[in-house]
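File shown: entry-v2.txt (compact mmCIF, C-alpha atoms).
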# COMPACT_ATOMS: atom_id res chain seq x y z
CA CYS A 1 -7.78 -17.86 70.95
CA HIS A 2 -6.43 -21.30 70.18
CA PRO A 3 -9.42 -23.67 70.23
CA THR A 4 -7.56 -26.29 68.22
CA ASP A 5 -5.29 -26.88 71.23
CA ILE A 6 -8.17 -28.36 73.25
CA ASP A 7 -10.28 -31.48 72.97
CA ASN A 8 -13.57 -30.97 71.15
CA PRO A 9 -12.97 -27.43 69.86
CA LEU A 10 -16.33 -27.38 68.03
CA GLY A 11 -18.18 -28.21 71.23
CA VAL A 12 -16.30 -25.56 73.18
CA ILE A 13 -16.98 -22.89 70.55
CA GLU A 14 -20.66 -23.81 70.36
CA SER A 15 -20.91 -23.71 74.15
CA ALA A 16 -19.19 -20.31 74.24
CA MET A 17 -21.57 -18.94 71.62
CA ALA A 18 -24.56 -20.31 73.50
CA SER A 19 -23.25 -18.56 76.62
CA GLY A 20 -23.12 -15.17 74.91
CA VAL A 21 -19.72 -15.01 73.21
CA SER A 22 -20.52 -13.19 69.98
CA SER A 23 -17.30 -13.89 68.10
CA LEU A 24 -13.81 -15.27 68.38
CA LEU A 25 -10.76 -15.54 66.18
CA ALA A 26 -9.26 -19.02 65.97
CA CYS A 27 -5.52 -18.43 65.57
CA GLY A 28 -2.91 -20.71 64.13
CA TYR A 29 0.71 -20.41 65.16
CA ASN A 30 2.68 -23.10 63.29
CA ALA A 31 2.20 -25.44 60.33
CA GLN A 32 0.16 -27.99 62.29
CA SER A 33 -2.12 -25.49 64.04
CA ASN A 34 -2.67 -23.52 60.82
CA GLU A 35 -3.96 -26.69 59.17
CA ALA A 36 -6.10 -27.37 62.25
CA VAL A 37 -7.79 -23.95 62.15
CA LEU A 38 -8.46 -24.40 58.43
CA SER A 39 -10.07 -27.75 59.20
CA LEU A 40 -12.07 -26.19 62.02
CA ARG A 41 -13.36 -23.49 59.66
CA ASP A 42 -14.40 -26.24 57.22
CA GLN A 43 -16.44 -27.80 60.03
CA MET A 44 -17.84 -24.44 61.15
CA PRO A 45 -18.30 -22.25 58.05
CA GLY A 46 -17.97 -18.56 58.80
CA LEU A 47 -15.59 -19.06 61.72
CA PRO A 48 -12.99 -16.29 61.57
CA ILE A 49 -9.48 -17.70 61.51
CA ALA A 50 -5.96 -16.34 61.55
CA ILE A 51 -2.99 -18.02 59.88
CA GLY A 52 0.51 -17.22 61.05
CA LEU A 53 3.83 -18.23 62.49
CA HIS A 54 4.33 -17.53 66.21
CA PRO A 55 7.81 -16.45 67.31
CA TRP A 56 8.27 -19.72 69.22
CA PHE A 57 8.07 -21.50 65.86
CA ALA A 58 10.05 -18.95 63.84
CA THR A 59 12.44 -21.66 62.68
CA GLU A 60 9.67 -23.26 60.60
CA VAL A 61 9.52 -22.46 56.90
CA ILE A 62 7.60 -19.23 56.32
CA ASP A 63 6.93 -19.85 52.61
CA SER A 64 4.18 -22.42 53.22
CA VAL A 65 2.58 -20.16 55.84
CA ALA A 66 2.70 -17.22 53.44
CA GLU A 67 1.07 -19.36 50.75
CA LEU A 68 -1.68 -20.43 53.17
CA ILE A 69 -2.36 -16.81 54.10
CA VAL A 70 -2.69 -15.76 50.48
CA ASN A 71 -4.75 -18.77 49.37
CA SER A 72 -7.00 -19.56 52.35
CA PHE A 73 -8.55 -16.12 52.93
CA PRO A 74 -8.15 -15.85 56.71
CA ALA A 75 -9.65 -12.93 58.63
CA ALA A 76 -6.21 -12.04 60.01
CA ILE A 77 -2.54 -12.97 60.15
CA GLY A 78 -1.30 -14.44 63.38
CA GLU A 79 -0.43 -15.24 65.82
CA CYS A 80 2.88 -13.61 64.95
CA GLY A 81 5.32 -11.29 66.70
CA LEU A 82 8.40 -11.28 68.89
CA ASP A 83 9.26 -13.03 72.15
CA ALA A 84 12.39 -11.88 73.99
CA ALA A 85 11.76 -14.36 76.80
CA VAL A 86 12.46 -17.53 74.83
CA ASP A 87 15.76 -19.34 74.66
CA GLU A 88 17.81 -18.17 71.67
CA SER A 89 18.31 -21.80 70.65
CA THR A 90 14.53 -22.19 70.26
CA ALA A 91 13.94 -19.13 68.12
CA PRO A 92 16.82 -16.69 67.68
CA THR A 93 15.80 -13.02 67.81
CA ILE A 94 17.16 -12.32 64.34
CA VAL A 95 15.04 -15.16 62.92
CA GLN A 96 11.94 -14.00 64.83
CA ARG A 97 12.37 -10.49 63.45
CA LYS A 98 12.71 -11.75 59.87
CA ILE A 99 9.62 -13.97 60.15
CA PHE A 100 7.60 -11.18 61.78
CA GLU A 101 8.72 -8.73 59.09
CA THR A 102 7.63 -11.19 56.38
CA GLN A 103 4.18 -11.45 57.99
CA LEU A 104 3.92 -7.65 58.28
CA ASP A 105 4.82 -7.42 54.58
CA ILE A 106 2.02 -9.86 53.76
CA ALA A 107 -0.40 -7.95 56.00
CA SER A 108 0.50 -4.73 54.20
CA GLN A 109 -0.05 -6.30 50.79
CA THR A 110 -3.26 -8.15 51.66
CA LYS A 111 -4.67 -5.46 53.97
CA LEU A 112 -5.25 -8.10 56.65
CA PRO A 113 -4.95 -7.20 60.33
CA VAL A 114 -2.43 -9.00 62.53
CA SER A 115 -2.68 -10.65 65.95
CA VAL A 116 0.65 -9.97 67.62
CA HIS A 117 2.38 -11.88 70.41
CA SER A 118 4.87 -9.70 72.25
CA ARG A 119 6.59 -10.87 75.40
CA ARG A 120 9.29 -8.57 76.73
CA ALA A 121 9.38 -7.04 73.26
CA VAL A 122 6.68 -4.35 73.11
CA ALA A 123 9.11 -1.57 72.15
CA ALA A 124 10.72 -3.74 69.46
CA VAL A 125 7.30 -4.64 68.03
CA PHE A 126 6.28 -1.00 67.98
CA ASP A 127 9.50 -0.04 66.18
CA MET A 128 8.78 -2.66 63.54
CA ILE A 129 5.12 -1.76 62.97
CA ARG A 130 6.02 1.91 62.52
CA GLU A 131 7.54 0.78 59.22
CA TYR A 132 4.07 -0.45 58.14
CA PRO A 133 1.71 2.54 58.53
CA ASN A 134 -1.21 0.80 56.77
CA VAL A 135 -1.08 -2.35 58.94
CA ARG A 136 -3.50 -2.58 61.87
CA GLY A 137 -3.96 -5.24 64.45
CA VAL A 138 -4.27 -6.36 68.02
CA MET A 139 -1.55 -6.76 70.59
CA HIS A 140 -2.53 -10.14 72.03
CA ALA A 141 -2.23 -10.40 75.85
CA PHE A 142 -0.63 -6.96 75.99
CA GLY A 143 2.11 -6.71 78.61
CA GLY A 144 3.31 -3.16 78.10
CA SER A 145 2.74 0.10 79.91
CA TYR A 146 -0.08 2.63 79.66
CA GLU A 147 2.23 4.92 77.70
CA GLN A 148 3.01 2.14 75.23
CA ALA A 149 -0.68 1.28 74.91
CA LYS A 150 -1.36 4.90 73.95
CA LEU A 151 1.22 4.66 71.14
CA PHE A 152 -0.58 1.65 69.70
CA PHE A 153 -3.99 3.31 70.06
CA GLU A 154 -2.69 6.40 68.22
CA ARG A 155 -1.77 4.16 65.27
CA GLY A 156 -5.26 2.61 65.19
CA TRP A 157 -4.26 -0.60 66.94
CA LEU A 158 -6.12 -2.42 69.70
CA ILE A 159 -4.79 -4.28 72.71
CA GLY A 160 -6.02 -7.48 74.27
CA LEU A 161 -5.64 -8.07 77.99
CA GLY A 162 -5.28 -11.53 79.47
CA GLY A 163 -6.36 -13.04 82.76
CA ALA A 164 -4.24 -10.57 84.74
CA VAL A 165 -7.12 -8.12 84.43
CA THR A 166 -8.99 -10.15 87.08
CA ARG A 167 -6.24 -9.78 89.69
CA ARG A 168 -6.76 -7.08 92.29
CA ASN A 169 -3.08 -6.21 92.45
CA ALA A 170 -2.63 -5.93 88.67
CA HIS A 171 -2.33 -2.16 88.92
CA ARG A 172 -0.52 -1.68 85.60
CA VAL A 173 -3.24 -3.55 83.69
CA HIS A 174 -5.97 -1.68 85.54
CA ARG A 175 -4.30 1.64 84.68
CA ILE A 176 -4.33 0.71 81.00
CA ILE A 177 -8.05 -0.01 81.18
Take the structure in this file and express it as structure tokens.
Amino acid sequence: CHPTDIDNPLGVIESAMASGVSSLLACGYNAQSNEAVLSLRDQMPGLPIAIGLHPWFATEVIDSVAELIVNSFPAAIGECGLDAAVDESTAPTIVQRKIFETQLDIASQTKLPVSVHSRRAVAAVFDMIREYPNVRGVMHAFGGSYEQAKLFFERGWLIGLGGAVTRRNAHRVHRII
């Protein structure tokens, strides 16, 4: 989740834990949010964090993100991935793929799992992760089919399902479950 995007993230996390949430992963997604999750972890020692570069911000410099990942000991890399629904002027597909590949390389080297954003790009993400057999992770807010979910499960990956799971007519999501 992205607690640093809300007011009083510490209070929200503490309230969630008091209500029975046993764990959460505070994910960064660009330079500013990565620094924010590091700061949040300083305020709440032991909080699992992820450092990464989301496809919406793929035009940011990856080198500083890569350095943060290596030097700050996050629990995971992310949120990273591909988004085929964004305007090419915001984050061109070729740039997204390069940034995602860099983060998969780092995950492979560091043995860290990844939290992957994939909107209208599940097949492309799967094609890329096949090149990294030792990388595991979670497909965040999975939007693919049951058949695609099975492919990820067979590789040792997990999928996360968003709020659509609560909708009665979300038959595709219910089938995956």
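With all atoms listed in the file as the basis for measurement, A:Glu147 is the residue among A:Glu154, A:Asp7, A:Asp63, A:Glu147 that approaches Arg175 (chain A) most closely.
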For this session: Could you tell me which of A:Val70, A:Ala107, A:Ala149, A:Leu158 comes closest to Asn134 (chain A) if we count only C-alpha atoms?
Result: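 Under the stated criterion, the closest residue is A:Ala107.
Pairwise distance (CA of Pro113 (chain A), CA of Ala76 (chain A)) equals 5.0 Å.
Atom pair CA of Lys111 (chain A) / CA of Ile176 (chain A) has a distance of 27.7 Å (rounded to one decimal).
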Exercise. What is the distance, in Å and to one decimal place, between CA of Ile69 (chain A) and CA of Leu53 (chain A)?
Worked result: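 Rounded to one decimal, the two atoms are 10.5 Å apart.
Ranking A:Ala75, A:Val116, A:Val65, A:Thr59 by their shortest atom-to-atom distance to Ser89 (chain A), with only C-alpha atoms included, puts A:Thr59 first.
Distances here use all atoms listed in the file; by that measure, the residue among A:Ala141, A:Ala58, A:Leu40, A:Leu112 closest to Asn8 (chain A) is A:Leu40.
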Exercise. So, counting all atoms listed in the file, which residue among A:Gln103, A:Asn71, A:Thr166, A:Gln148 is closest to Tyr29 (chain A)?
Worked result: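 Checking each candidate against Tyr29 (chain A), we get A:Gln103 as the closest.
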Exercise. Do you know which residues are at most 9 Å from Leu24 (chain A) counting all atoms listed in the file, after dropping those on the same chain fewer than 5 positions away, and could you put them as a ChimeraX atom specification?
Worked result: /A:1,13,47-49
Problem set entry | Close residues, Gly156 (chain A) itself excluded, 10 Å, only C-alpha atoms, min 4 positions apart in chain, as a PyMOL selection string | chain A and resi 133-138+150-152
Please write as a PDB file with C-alpha atoms, in the coordinates of the input the list of polymer residues whose atoms come within 10 Å of (8.5, -4.6, 68.7), counting all atoms listed in the file and keeping to the coordinates of the file.
ATOM      1  CA  GLY A  81       5.320 -11.290  66.700  1.00  0.00           C
ATOM      2  CA  LEU A  82       8.400 -11.280  68.890  1.00  0.00           C
ATOM      3  CA  ASP A  83       9.260 -13.030  72.150  1.00  0.00           C
ATOM      4  CA  ALA A  84      12.390 -11.880  73.990  1.00  0.00           C
ATOM      5  CA  ARG A  97      12.370 -10.490  63.450  1.00  0.00           C
ATOM      6  CA  PHE A 100       7.600 -11.180  61.780  1.00  0.00           C
ATOM      7  CA  VAL A 116       0.650  -9.970  67.620  1.00  0.00           C
ATOM      8  CA  HIS A 117       2.380 -11.880  70.410  1.00  0.00           C
ATOM      9  CA  SER A 118       4.870  -9.700  72.250  1.00  0.00           C
ATOM     10  CA  ARG A 119       6.590 -10.870  75.400  1.00  0.00           C
ATOM     11  CA  ARG A 120       9.290  -8.570  76.730  1.00  0.00           C
ATOM     12  CA  ALA A 121       9.380  -7.040  73.260  1.00  0.00           C
ATOM     13  CA  VAL A 122       6.680  -4.350  73.110  1.00  0.00           C
ATOM     14  CA  ALA A 123       9.110  -1.570  72.150  1.00  0.00           C
ATOM     15  CA  ALA A 124      10.720  -3.740  69.460  1.00  0.00           C
ATOM     16  CA  VAL A 125       7.300  -4.640  68.030  1.00  0.00           C
ATOM     17  CA  PHE A 126       6.280  -1.000  67.980  1.00  0.00           C
ATOM     18  CA  ASP A 127       9.500  -0.040  66.180  1.00  0.00           C
ATOM     19  CA  MET A 128       8.780  -2.660  63.540  1.00  0.00           C
ATOM     20  CA  ILE A 129       5.120  -1.760  62.970  1.00  0.00           C
ATOM     21  CA  ARG A 130       6.020   1.910  62.520  1.00  0.00           C
TER      22      ARG A 130
END
